[in-house]
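Undergrad: I am attaching a structure below and will ask some questions about it afterwards.
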Amino acid sequence: MNAIITKVKLQNYKRFTNYVIEPNARINILVGDNEVGKSTVLEAIDLVISGSIHKVESIGIEKLLNINAVSNFLRGERTFNNLPVLRVELYLSGEFSFPMKGKNNTDKKPCFGIRLVCEPNEDFRSEITEMISGVSNYFPYDYYSIRFSTFADEGYSSNRRVIHSLLIDNANMNGEYATNEFVRRVYLRETQDNITERAIHKSKYRHLRKRFSDMCLMDLNDRLSIPQATCKFGLKTTGISDFENDLMIFEDDIAINCKGMGRQVFVKTDYAIERSKDNVNIVLIEEPENHLSPTNLRKLIEHIGEMKEGQLFITTHSSEISTGLQLRNVLIMHSEEDSNPIMLNDLSDNTAKYFIKSPPASIVEFALAKKSILVEGPSEFMLMDVFYKSVTGNKPENDDVHIVNVRGLSFKRYLEIAQQTNCKVAVITDNDKDIKKNCEQKYAEYNESPNIRIFYEEDADNYTFEVAVYKSNALLMDKLFNNEALDYMLNNKTEAAFTLLDQSDPIVVPDYILRAIEWIRK
Amino acid sequence: MDKKVIFAVAGSGKTTFVVESIRPEYKYLVLTYTDANYDNLTNKITAKHNGKWPSNVTLMTWFRFLFRFCYKPFLADAVQSKGLIFESNSNLKATKDSLSFYLSSNRYFYSNRLSLFIEKFILIEEIKERIEEFFDYLIIDEVQDIAGRDFSFLEKIMTSNVNMLFVGDFYQHTYDTSRDGNVNQSLFTDFVKYEKRFENKGFIIDDSTLINSWRCSEEICSFVRNNLGIKIFSNKVQTDCSTIKLITNEDEQRQIYTDDKIIKLHYKESYKWGNGHRNWGDVKGEDCFGDVCVFINKTTQSLFKKGKLMDMAEISRNKLYVAITRAHNSVFFVFE
């Protein structure tokens, strides 16, 4: 069964009031700053597929329902109908039967899908109305109903699953819980078609434990002669889940919870990828770069890349993962509330290839930055901090300005991304003695993009960065580099830049760079 | 598209015919009106498939079809109905454009109006598309049970682009639960006109394949033909032990009355007579009676004597037909 998620809609779920993701059919890499809700998206997908009311209850509606929605309600007109409703909708495509298809979704179109809806319970309308109309800031979380259903409004629960997910949470993996949960899920998945087998395992295990208590502890218990007491030793029980609690997965006779964190990441991810063929449709992986060395990370990326079926969602902060698994699979999540993610799958083939071949460490950072200055060489890159500070009195990072050194004049590759992300980008480039060709015609296609501007020296004689710096600071340069200072600077670009960084005299910022800095700050 | 309606007689093996027509390579939606026949079909289809339910067959009762397949996927969120009630709307002022015409104050649909609600508030084309997307065949067993507004709705979906096989017995229409005012009131008074409604939708009418009863003897069948005017013939080998007769001798009556193996059937209120007594119409679809004792009440007695039972009110006549044709063996009439 080849089921995939075509759209995820989150309404009043955690930090999102209204969020839509239309994922790729195969690989989805969610990147974004901390706290933009990458994990929240993964959790939401996993939660809906699980169909487990128990899970929702144990998290608690008060933690799931968007805080702003609650406070807006309390501040506004407090009527039953104004109470916020939490919805998570998964639009699906695949071979499903009719109980999966219907118009009971916010798109109002007949689609396959499942959803979680938490809303105030209509049966308690009068009680709720009475409670919310008081002066206190009471919010009726306890009167919310939790319901999983299909778009045909048929009940959906864990034992009627039509789609399977596996969440690998590497971010919180140091908790024993994560590993136990993983083992439990693998066990349940592998026995899902054979409930009898599960029952046999459990009952035999109970039996075995009882036998142990009866046989092996007997002598000890006989020796215990607590007067008139019926106390004795035994094995503690935590209910019928004893078996699942004690279950562990072994790799080469070593329990995976005894292995290093890095190895655990591997075992889990490998399992998910292997099973993606038949038992698991949706694989959700949180931050696989945690606990992995660079070499192992590369191996893991290779493994994931080999995944032939199933749909993958992965959250990461690693540029290597984003570029290694093809940049076009990246979904960039913004911190601005409810701005839907930007898909890099609209990148042209050439640009995608460029970033795959030479993944610059800065690519994800660039895609996430609100403002960037692109420069074309190490000397510009080194001096830009000083220039920025002398123009603004500020460090660039304090103004959320990101400076990227783009080697080999690949500005256009970056600008293609900027056109998708709409972030503000100033390009600082040399005119190389031909303004028309190198500056005007070359970047003509960006004239219409208000978020992109090209800055260059308007005098063709000032053909490169060093010349411009020299002309603006001739006295200082002659003092620093003696006779033939310009020649020295041109022949020793980075050395010269170092020297400039080291000295304390003020440097006059060349005009085109000054304009770039002023524009980007606006 | 192959669309066919087969009119059958009692005991001719309608349900078996339906079950046998199911093939593994198509997807079937099978509908029937009553819970009793739903159970019956469930058992027979499961038995035919070695005890396992075939995954290509979806069986629903008519109202489940209306509620779950037609209403819920489109309007569950908007209307939030909790289910159906099998009674009529006592609010006579409600108009067809308002929800209160269809829905009780605690959000239950009046069963006889759900199909009209669907016609009015959901595009019939969307319902048809839904049937076409998920099924190759629409089968309706006991199609004669669908009446009133439900029949109008059925006519609308008859034009869906899927194969259809409807099977029914015109004279076994004994329910009136779909009735709402005078909608399709005279649907069951004229067999020819009834057949025409299907023909108009491109159906082929078959009233010859299933007119032989495997259950009833020729003696019983000819009684039904001559007295009730219903074309039913027997497939059974002639035997001497099957009779159909009026019992007037009190000793014989007592003997029948005390014989637990003989089911006693009344026009109505059989509960007043105690165990072993049932109503004519209630035994529809049942197939486990050898001898049957049919009680004739005062009003029917004169028609019986004149041999003019076919002049009974149609529903009553149909129920009597059901009662008589339950017998594998003999039918005894007793005047109440």
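We name chains A, B, ... following the order of the structure tokens; residues begin at 1 in each chain, and ligands are numbered from 1 as shown.
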Give me the residues within 9 Å of Phe182 in chain A as a list in words, counting only C-alpha atoms and dropping any in the same chain fewer than 4 places off.

TA: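 Skipping anything fewer than 4 positions along the chain leaves Leu166, Leu167, Ile168, Asp169, Tyr177, Ala178, Val186, Tyr187 and Lys268 of chain A.
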
Undergrad: Which neighbours of Asp459 in chain A fall inside 12 Å, counting only C-alpha atoms, when residues of the same chain fewer than 6 positions from it are skipped, and could you give them as a PDB file with all heavy atoms, in the first residue's frame?

TA:
ATOM      1  N   ASP A 430      32.013  43.136  -7.887  1.00  0.00           N
ATOM      2  CA  ASP A 430      32.943  43.990  -8.644  1.00  0.00           C
ATOM      3  C   ASP A 430      32.347  44.240 -10.024  1.00  0.00           C
ATOM      4  O   ASP A 430      31.627  43.397 -10.557  1.00  0.00           O
ATOM      5  CB  ASP A 430      34.290  43.270  -8.816  1.00  0.00           C
ATOM      6  CG  ASP A 430      34.986  43.076  -7.480  1.00  0.00           C
ATOM      7  OD1 ASP A 430      34.637  43.800  -6.521  1.00  0.00           O
ATOM      8  OD2 ASP A 430      35.863  42.179  -7.399  1.00  0.00           O
ATOM      9  N   ASN A 431      32.700  45.423 -10.612  1.00  0.00           N
ATOM     10  CA  ASN A 431      32.192  45.647 -11.966  1.00  0.00           C
ATOM     11  C   ASN A 431      33.139  45.094 -13.030  1.00  0.00           C
ATOM     12  O   ASN A 431      32.775  44.986 -14.193  1.00  0.00           O
ATOM     13  CB  ASN A 431      31.885  47.135 -12.204  1.00  0.00           C
ATOM     14  CG  ASN A 431      33.131  48.002 -12.107  1.00  0.00           C
ATOM     15  OD1 ASN A 431      34.237  47.587 -12.508  1.00  0.00           O
ATOM     16  ND2 ASN A 431      32.967  49.205 -11.571  1.00  0.00           N
ATOM     17  N   ASP A 432      34.368  44.750 -12.614  1.00  0.00           N
ATOM     18  CA  ASP A 432      35.343  44.164 -13.535  1.00  0.00           C
ATOM     19  C   ASP A 432      35.430  44.915 -14.861  1.00  0.00           C
ATOM     20  O   ASP A 432      35.478  44.308 -15.940  1.00  0.00           O
ATOM     21  CB  ASP A 432      35.038  42.666 -13.768  1.00  0.00           C
ATOM     22  CG  ASP A 432      35.343  41.842 -12.526  1.00  0.00           C
ATOM     23  OD1 ASP A 432      36.325  42.158 -11.817  1.00  0.00           O
ATOM     24  OD2 ASP A 432      34.575  40.901 -12.231  1.00  0.00           O
ATOM     25  N   LYS A 433      35.357  46.234 -14.750  1.00  0.00           N
ATOM     26  CA  LYS A 433      35.572  47.162 -15.882  1.00  0.00           C
ATOM     27  C   LYS A 433      34.450  47.172 -16.913  1.00  0.00           C
ATOM     28  O   LYS A 433      34.557  47.820 -17.938  1.00  0.00           O
ATOM     29  CB  LYS A 433      36.912  46.857 -16.594  1.00  0.00           C
ATOM     30  CG  LYS A 433      38.118  47.110 -15.702  1.00  0.00           C
ATOM     31  CD  LYS A 433      39.403  46.772 -16.429  1.00  0.00           C
ATOM     32  CE  LYS A 433      40.595  46.945 -15.483  1.00  0.00           C
ATOM     33  NZ  LYS A 433      41.792  46.243 -15.936  1.00  0.00           N
ATOM     34  N   ASP A 434      33.397  46.403 -16.689  1.00  0.00           N
ATOM     35  CA  ASP A 434      32.291  46.430 -17.666  1.00  0.00           C
ATOM     36  C   ASP A 434      30.962  46.412 -16.916  1.00  0.00           C
ATOM     37  O   ASP A 434      30.391  45.347 -16.644  1.00  0.00           O
ATOM     38  CB  ASP A 434      32.401  45.239 -18.619  1.00  0.00           C
ATOM     39  CG  ASP A 434      31.410  45.360 -19.773  1.00  0.00           C
ATOM     40  OD1 ASP A 434      30.451  46.172 -19.662  1.00  0.00           O
ATOM     41  OD2 ASP A 434      31.586  44.627 -20.765  1.00  0.00           O
ATOM     42  N   ILE A 435      30.509  47.599 -16.564  1.00  0.00           N
ATOM     43  CA  ILE A 435      29.305  47.701 -15.740  1.00  0.00           C
ATOM     44  C   ILE A 435      28.090  47.118 -16.451  1.00  0.00           C
ATOM     45  O   ILE A 435      27.297  46.379 -15.867  1.00  0.00           O
ATOM     46  CB  ILE A 435      29.054  49.176 -15.369  1.00  0.00           C
ATOM     47  CG1 ILE A 435      30.174  49.638 -14.428  1.00  0.00           C
ATOM     48  CG2 ILE A 435      27.688  49.361 -14.725  1.00  0.00           C
ATOM     49  CD1 ILE A 435      30.156  51.097 -14.084  1.00  0.00           C
ATOM     50  N   LYS A 436      27.961  47.435 -17.719  1.00  0.00           N
ATOM     51  CA  LYS A 436      26.787  46.992 -18.457  1.00  0.00           C
ATOM     52  C   LYS A 436      26.677  45.467 -18.458  1.00  0.00           C
ATOM     53  O   LYS A 436      25.643  44.905 -18.118  1.00  0.00           O
ATOM     54  CB  LYS A 436      26.861  47.505 -19.898  1.00  0.00           C
ATOM     55  CG  LYS A 436      25.499  47.753 -20.490  1.00  0.00           C
ATOM     56  CD  LYS A 436      25.585  48.477 -21.820  1.00  0.00           C
ATOM     57  CE  LYS A 436      24.212  48.705 -22.400  1.00  0.00           C
ATOM     58  NZ  LYS A 436      23.382  49.626 -21.616  1.00  0.00           N
ATOM     59  N   CYS A 439      27.234  43.885 -14.404  1.00  0.00           N
ATOM     60  CA  CYS A 439      26.347  44.295 -13.321  1.00  0.00           C
ATOM     61  C   CYS A 439      24.905  44.491 -13.773  1.00  0.00           C
ATOM     62  O   CYS A 439      23.978  44.060 -13.114  1.00  0.00           O
ATOM     63  CB  CYS A 439      26.851  45.587 -12.691  1.00  0.00           C
ATOM     64  SG  CYS A 439      28.564  45.440 -12.155  1.00  0.00           S
ATOM     65  N   PHE A 465      37.174  45.291  -5.676  1.00  0.00           N
ATOM     66  CA  PHE A 465      37.046  45.701  -4.275  1.00  0.00           C
ATOM     67  C   PHE A 465      38.286  46.437  -3.760  1.00  0.00           C
ATOM     68  O   PHE A 465      38.189  47.510  -3.170  1.00  0.00           O
ATOM     69  CB  PHE A 465      36.771  44.452  -3.432  1.00  0.00           C
ATOM     70  CG  PHE A 465      36.751  44.679  -1.944  1.00  0.00           C
ATOM     71  CD1 PHE A 465      35.714  45.412  -1.347  1.00  0.00           C
ATOM     72  CD2 PHE A 465      37.750  44.152  -1.117  1.00  0.00           C
ATOM     73  CE1 PHE A 465      35.690  45.599   0.027  1.00  0.00           C
ATOM     74  CE2 PHE A 465      37.732  44.351   0.255  1.00  0.00           C
ATOM     75  CZ  PHE A 465      36.694  45.075   0.829  1.00  0.00           C
ATOM     76  N   VAL A 467      40.622  48.049  -5.338  1.00  0.00           N
ATOM     77  CA  VAL A 467      40.784  49.367  -5.958  1.00  0.00           C
ATOM     78  C   VAL A 467      39.869  50.372  -5.259  1.00  0.00           C
ATOM     79  O   VAL A 467      40.275  51.481  -4.907  1.00  0.00           O
ATOM     80  CB  VAL A 467      40.480  49.311  -7.468  1.00  0.00           C
ATOM     81  CG1 VAL A 467      40.614  50.696  -8.093  1.00  0.00           C
ATOM     82  CG2 VAL A 467      41.412  48.316  -8.155  1.00  0.00           C
ATOM     83  N   ALA A 468      38.616  49.948  -5.026  1.00  0.00           N
ATOM     84  CA  ALA A 468      37.645  50.831  -4.376  1.00  0.00           C
ATOM     85  C   ALA A 468      38.106  51.207  -2.970  1.00  0.00           C
ATOM     86  O   ALA A 468      38.035  52.368  -2.571  1.00  0.00           O
ATOM     87  CB  ALA A 468      36.276  50.175  -4.341  1.00  0.00           C
ATOM     88  N   LYS A 471      41.089  53.631  -3.251  1.00  0.00           N
ATOM     89  CA  LYS A 471      40.729  54.976  -3.684  1.00  0.00           C
ATOM     90  C   LYS A 471      40.075  55.759  -2.548  1.00  0.00           C
ATOM     91  O   LYS A 471      40.243  56.962  -2.419  1.00  0.00           O
ATOM     92  CB  LYS A 471      39.790  54.900  -4.891  1.00  0.00           C
ATOM     93  CG  LYS A 471      40.504  54.416  -6.144  1.00  0.00           C
ATOM     94  CD  LYS A 471      40.415  55.415  -7.277  1.00  0.00           C
ATOM     95  CE  LYS A 471      41.266  54.952  -8.455  1.00  0.00           C
ATOM     96  NZ  LYS A 471      40.452  54.758  -9.656  1.00  0.00           N
ATOM     97  N   PRO A 510      33.810  52.207   1.089  1.00  0.00           N
ATOM     98  CA  PRO A 510      33.511  52.554  -0.304  1.00  0.00           C
ATOM     99  C   PRO A 510      32.004  52.765  -0.500  1.00  0.00           C
ATOM    100  O   PRO A 510      31.190  52.059   0.113  1.00  0.00           O
ATOM    101  CB  PRO A 510      33.995  51.331  -1.087  1.00  0.00           C
ATOM    102  CG  PRO A 510      35.008  50.684  -0.205  1.00  0.00           C
ATOM    103  CD  PRO A 510      34.571  50.963   1.206  1.00  0.00           C
ATOM    104  N   ASP A 511      31.701  53.701  -1.363  1.00  0.00           N
ATOM    105  CA  ASP A 511      30.324  54.158  -1.501  1.00  0.00           C
ATOM    106  C   ASP A 511      29.324  53.030  -1.777  1.00  0.00           C
ATOM    107  O   ASP A 511      28.265  52.953  -1.177  1.00  0.00           O
ATOM    108  CB  ASP A 511      30.267  55.200  -2.626  1.00  0.00           C
ATOM    109  CG  ASP A 511      28.854  55.688  -2.833  1.00  0.00           C
ATOM    110  OD1 ASP A 511      28.287  56.230  -1.864  1.00  0.00           O
ATOM    111  OD2 ASP A 511      28.297  55.463  -3.942  1.00  0.00           O
ATOM    112  N   TYR A 512      29.658  52.118  -2.712  1.00  0.00           N
ATOM    113  CA  TYR A 512      28.673  51.091  -3.081  1.00  0.00           C
ATOM    114  C   TYR A 512      28.388  50.141  -1.927  1.00  0.00           C
ATOM    115  O   TYR A 512      27.273  49.637  -1.762  1.00  0.00           O
ATOM    116  CB  TYR A 512      29.104  50.345  -4.358  1.00  0.00           C
ATOM    117  CG  TYR A 512      30.295  49.412  -4.245  1.00  0.00           C
ATOM    118  CD1 TYR A 512      30.138  48.039  -4.334  1.00  0.00           C
ATOM    119  CD2 TYR A 512      31.587  49.919  -4.088  1.00  0.00           C
ATOM    120  CE1 TYR A 512      31.224  47.181  -4.268  1.00  0.00           C
ATOM    121  CE2 TYR A 512      32.680  49.079  -4.018  1.00  0.00           C
ATOM    122  CZ  TYR A 512      32.499  47.707  -4.106  1.00  0.00           C
ATOM    123  OH  TYR A 512      33.580  46.863  -4.029  1.00  0.00           O
TER     124      TYR A 512
END

Undergrad: Taking only residues of chain A that have an atom at most 7 Å from an atom of chain B, what is each one's shortest atom pair and its distance in Å to one decimal, using only C-alpha atoms, in chain and number order, as a Markdown table?

TA:
| residue | atom | partner | partner_atom | distance |
| --- | --- | --- | --- | --- |
| A:Ser97 | CA | B:Phe134 | CA | 6.9 |
| A:Phe98 | CA | B:Phe134 | CA | 6.4 |
| A:Lys101 | CA | B:Pro73 | CA | 6.8 |
| A:Gly102 | CA | B:Pro73 | CA | 4.1 |
| A:Lys103 | CA | B:Phe74 | CA | 5.0 |
| A:Asn104 | CA | B:Asp77 | CA | 5.9 |
| A:Phe151 | CA | B:Pro73 | CA | 6.5 |
| A:Ala152 | CA | B:Pro73 | CA | 3.7 |
| A:Asp153 | CA | B:Pro73 | CA | 6.1 |

Undergrad: Write to file, as a PDB file, in the first residue's frame, the residues of the selection just made, with N, CA and C atoms.

TA:
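Saved result, again_32.pdb, follows:
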ATOM      1  N   SER A  97     -10.518   2.886   0.814  1.00  0.00           N
ATOM      2  CA  SER A  97     -11.908   2.595   0.507  1.00  0.00           C
ATOM      3  C   SER A  97     -12.782   3.792   0.915  1.00  0.00           C
ATOM      4  N   PHE A  98     -14.064   3.668   0.623  1.00  0.00           N
ATOM      5  CA  PHE A  98     -14.952   4.830   0.748  1.00  0.00           C
ATOM      6  C   PHE A  98     -15.049   5.449   2.148  1.00  0.00           C
ATOM      7  N   LYS A 101     -13.058   8.733   2.459  1.00  0.00           N
ATOM      8  CA  LYS A 101     -13.211   9.897   1.591  1.00  0.00           C
ATOM      9  C   LYS A 101     -14.453  10.699   1.925  1.00  0.00           C
ATOM     10  N   GLY A 102     -14.293  12.007   1.973  1.00  0.00           N
ATOM     11  CA  GLY A 102     -15.440  12.860   2.212  1.00  0.00           C
ATOM     12  C   GLY A 102     -15.049  14.321   2.217  1.00  0.00           C
ATOM     13  N   LYS A 103     -16.067  15.132   2.432  1.00  0.00           N
ATOM     14  CA  LYS A 103     -15.856  16.581   2.401  1.00  0.00           C
ATOM     15  C   LYS A 103     -15.727  17.180   3.791  1.00  0.00           C
ATOM     16  N   ASN A 104     -15.668  16.335   4.807  1.00  0.00           N
ATOM     17  CA  ASN A 104     -15.580  16.872   6.157  1.00  0.00           C
ATOM     18  C   ASN A 104     -14.140  17.283   6.468  1.00  0.00           C
ATOM     19  N   PHE A 151     -12.350  11.716   6.775  1.00  0.00           N
ATOM     20  CA  PHE A 151     -13.071  12.811   6.122  1.00  0.00           C
ATOM     21  C   PHE A 151     -14.514  12.411   5.777  1.00  0.00           C
ATOM     22  N   ALA A 152     -14.829  11.115   5.846  1.00  0.00           N
ATOM     23  CA  ALA A 152     -16.219  10.693   5.689  1.00  0.00           C
ATOM     24  C   ALA A 152     -16.906  10.683   7.053  1.00  0.00           C
ATOM     25  N   ASP A 153     -16.191  11.166   8.061  1.00  0.00           N
ATOM     26  CA  ASP A 153     -16.677  11.214   9.433  1.00  0.00           C
ATOM     27  C   ASP A 153     -16.920   9.835  10.029  1.00  0.00           C
TER      28      ASP A 153
END

Undergrad: For Lys196 in chain B, which of B:Ile157, B:Ile247, B:Val5, B:Ala10 is the closest residue, counting only C-alpha atoms?

TA: B:Val5

Undergrad: Could you pull the residues within 10 Å of Glu286 in chain B, counting only C-alpha atoms, minus those fewer than 4 positions along the same chain, as JSON, numbers by chain?

TA: {"B": [11, 36, 37, 40, 282, 322, 326]}

Undergrad: May I ask for the distance between CA of Val8 in chain A and CA of Gly51 in chain A, given in Å to one decimal place?

TA: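 Taking CA of Val8 in chain A as the start and CA of Gly51 in chain A as the end point, the length is 15.5 Å.
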
Undergrad: Using only C-alpha atoms, determine which residues lie at most 9 Å from range 412-426 of chain A, disregarding the query and same-chain residues fewer than 5 positions distant; provide the list as a ChimeraX atom specification.

TA: /A:332,341-344,346-348,350-352,354-355,363,366-375,406,443,446,449-455,516-517,519-520

Undergrad: Those selected residues, please, written with N, CA, C and O atoms and delivered as a compact mmCIF listing (two decimals), in the first residue's frame.

TA:
# COMPACT_ATOMS: atom_id res chain seq x y z
N ILE A 332 11.34 25.15 4.30
CA ILE A 332 11.86 26.10 5.27
C ILE A 332 10.73 26.66 6.10
O ILE A 332 9.76 27.21 5.57
N PRO A 341 5.33 27.11 5.05
CA PRO A 341 6.73 26.85 4.75
C PRO A 341 7.04 27.09 3.27
O PRO A 341 6.17 26.99 2.42
N ILE A 342 8.31 27.40 3.03
CA ILE A 342 8.73 27.62 1.66
C ILE A 342 9.34 26.34 1.14
O ILE A 342 10.17 25.71 1.79
N MET A 343 8.95 25.95 -0.05
CA MET A 343 9.44 24.71 -0.62
C MET A 343 10.57 25.04 -1.59
O MET A 343 10.40 25.87 -2.47
N LEU A 344 11.67 24.34 -1.42
CA LEU A 344 12.74 24.57 -2.37
C LEU A 344 12.61 23.65 -3.58
O LEU A 344 13.48 23.63 -4.43
N ASP A 346 10.95 24.04 -6.01
CA ASP A 346 10.78 24.78 -7.24
C ASP A 346 12.12 25.26 -7.81
O ASP A 346 12.16 25.93 -8.81
N LEU A 347 13.21 24.90 -7.13
CA LEU A 347 14.53 25.28 -7.65
C LEU A 347 14.77 24.62 -9.01
O LEU A 347 14.32 23.51 -9.26
N SER A 348 15.53 25.32 -9.84
CA SER A 348 15.85 24.73 -11.15
C SER A 348 16.82 23.58 -10.95
O SER A 348 17.52 23.50 -9.94
N ASN A 350 19.65 22.94 -12.38
CA ASN A 350 21.05 23.35 -12.28
C ASN A 350 21.40 23.86 -10.90
O ASN A 350 22.45 23.54 -10.36
N THR A 351 20.51 24.63 -10.33
CA THR A 351 20.76 25.16 -9.00
C THR A 351 20.79 24.03 -7.98
O THR A 351 21.68 23.96 -7.12
N ALA A 352 19.82 23.11 -8.09
CA ALA A 352 19.78 21.98 -7.16
C ALA A 352 21.09 21.21 -7.27
O ALA A 352 21.71 20.88 -6.26
N TYR A 354 24.01 22.24 -8.29
CA TYR A 354 25.12 23.05 -7.78
C TYR A 354 25.26 22.87 -6.28
O TYR A 354 26.35 22.65 -5.75
N PHE A 355 24.15 22.94 -5.59
CA PHE A 355 24.22 22.85 -4.13
C PHE A 355 24.47 21.43 -3.66
O PHE A 355 24.98 21.21 -2.57
N ILE A 363 24.31 27.22 3.43
CA ILE A 363 23.12 27.30 2.60
C ILE A 363 21.83 27.35 3.38
O ILE A 363 20.93 28.14 3.11
N PHE A 366 21.54 30.59 5.13
CA PHE A 366 21.14 31.63 4.19
C PHE A 366 19.63 31.58 3.95
O PHE A 366 18.93 32.58 3.95
N ALA A 367 19.13 30.36 3.74
CA ALA A 367 17.71 30.22 3.45
C ALA A 367 16.85 30.67 4.62
O ALA A 367 15.72 31.11 4.44
N LEU A 368 17.40 30.55 5.83
CA LEU A 368 16.62 30.91 7.01
C LEU A 368 16.74 32.38 7.38
O LEU A 368 15.89 32.93 8.06
N ALA A 369 17.83 33.01 6.92
CA ALA A 369 18.09 34.39 7.34
C ALA A 369 17.05 35.33 6.74
O ALA A 369 16.58 35.13 5.63
N LYS A 370 16.71 36.36 7.51
CA LYS A 370 15.76 37.33 6.99
C LYS A 370 16.45 38.30 6.05
O LYS A 370 15.89 38.78 5.10
N LYS A 371 17.75 38.63 6.41
CA LYS A 371 18.51 39.59 5.60
C LYS A 371 19.90 39.03 5.37
O LYS A 371 20.53 38.51 6.30
N SER A 372 20.38 39.14 4.15
CA SER A 372 21.73 38.66 3.86
C SER A 372 22.47 39.63 2.96
O SER A 372 21.87 40.30 2.12
N ILE A 373 23.79 39.66 3.17
CA ILE A 373 24.65 40.35 2.21
C ILE A 373 25.54 39.29 1.58
O ILE A 373 26.20 38.51 2.29
N LEU A 374 25.52 39.22 0.26
CA LEU A 374 26.37 38.26 -0.43
C LEU A 374 27.60 38.99 -0.95
O LEU A 374 27.48 40.03 -1.61
N VAL A 375 28.78 38.44 -0.64
CA VAL A 375 30.01 39.03 -1.16
C VAL A 375 30.75 37.96 -1.95
O VAL A 375 30.47 36.78 -1.82
N VAL A 406 30.25 34.08 -1.23
CA VAL A 406 29.87 33.17 -2.32
C VAL A 406 31.05 33.07 -3.27
O VAL A 406 31.34 33.98 -4.04
N TYR A 443 22.27 40.79 -14.05
CA TYR A 443 21.27 40.67 -12.97
C TYR A 443 19.93 41.28 -13.34
O TYR A 443 19.10 41.54 -12.48
N TYR A 446 16.52 40.23 -11.95
CA TYR A 446 16.09 40.48 -10.56
C TYR A 446 15.56 41.89 -10.35
O TYR A 446 15.23 42.27 -9.24
N SER A 449 12.40 42.01 -8.53
CA SER A 449 12.30 41.46 -7.17
C SER A 449 12.69 42.53 -6.15
O SER A 449 13.87 42.87 -6.05
N PRO A 450 11.73 43.05 -5.42
CA PRO A 450 12.04 44.14 -4.49
C PRO A 450 12.95 43.70 -3.34
O PRO A 450 13.56 44.54 -2.69
N ASN A 451 13.04 42.38 -3.09
CA ASN A 451 13.87 41.91 -1.97
C ASN A 451 15.32 41.68 -2.37
O ASN A 451 16.13 41.27 -1.56
N ILE A 452 15.62 41.91 -3.66
CA ILE A 452 16.99 41.65 -4.13
C ILE A 452 17.53 42.93 -4.77
O ILE A 452 16.85 43.56 -5.58
N ARG A 453 18.76 43.34 -4.35
CA ARG A 453 19.37 44.47 -5.04
C ARG A 453 20.87 44.23 -5.21
O ARG A 453 21.52 43.65 -4.35
N ILE A 454 21.39 44.69 -6.36
CA ILE A 454 22.80 44.49 -6.70
C ILE A 454 23.53 45.81 -6.48
O ILE A 454 23.07 46.86 -6.93
N PHE A 455 24.66 45.73 -5.77
CA PHE A 455 25.45 46.94 -5.51
C PHE A 455 26.84 46.79 -6.13
O PHE A 455 27.49 45.75 -5.95
N ALA A 516 24.86 49.56 0.14
CA ALA A 516 24.35 48.20 0.40
C ALA A 516 23.96 48.04 1.86
O ALA A 516 22.88 47.52 2.20
N ILE A 517 24.85 48.52 2.74
CA ILE A 517 24.58 48.36 4.18
C ILE A 517 23.36 49.18 4.59
O ILE A 517 22.48 48.70 5.33
N TRP A 519 20.86 50.02 2.71
CA TRP A 519 19.63 49.42 2.14
C TRP A 519 19.19 48.19 2.95
O TRP A 519 18.01 48.02 3.26
N ILE A 520 20.17 47.37 3.31
CA ILE A 520 19.80 46.12 3.97
C ILE A 520 19.22 46.39 5.36
O ILE A 520 18.40 45.61 5.87

Undergrad: So which residues touch range 91-108 of chain B within 6 Å, counting only C-alpha atoms, skipping near sequence neighbours fewer than 3 positions away, as a count of residues only?

TA: 5

Undergrad: Near range 180-191 of chain B, counting only C-alpha atoms, which residues have an atom at most 9 Å away, once you skip same-chain residues fewer than 4 positions from it, shown as an NGL selection string?

TA: :B and (88 or 112-113 or 144 or 147-149 or 151-152 or 170-171 or 173 or 195-196 or 314-315)

Undergrad: Quick one: contact table of range 130-187 of chain A to range 76-89 of chain A, 10 Å max, nearest atom pair and distance in Å to one decimal per residue, counting only C-alpha atoms, chain and number order, as a tab-separated table?

TA:
residue	atom	partner	partner_atom	distance
A:Glu130	CA	A:Phe80	CA	9.5
A:Met131	CA	A:Arg78	CA	9.9
A:Ile132	CA	A:Arg78	CA	6.3
A:Ser133	CA	A:Arg78	CA	6.2
A:Gly134	CA	A:Arg78	CA	9.2
A:Phe139	CA	A:Leu83	CA	9.1
A:Pro140	CA	A:Leu83	CA	9.0
A:Tyr144	CA	A:Val85	CA	9.0
A:Ile146	CA	A:Leu86	CA	9.4
A:Arg147	CA	A:Arg87	CA	9.8
A:Phe148	CA	A:Val88	CA	9.6
A:Ser149	CA	A:Glu89	CA	9.8
A:Thr150	CA	A:Glu89	CA	9.2
A:Phe151	CA	A:Glu89	CA	8.9
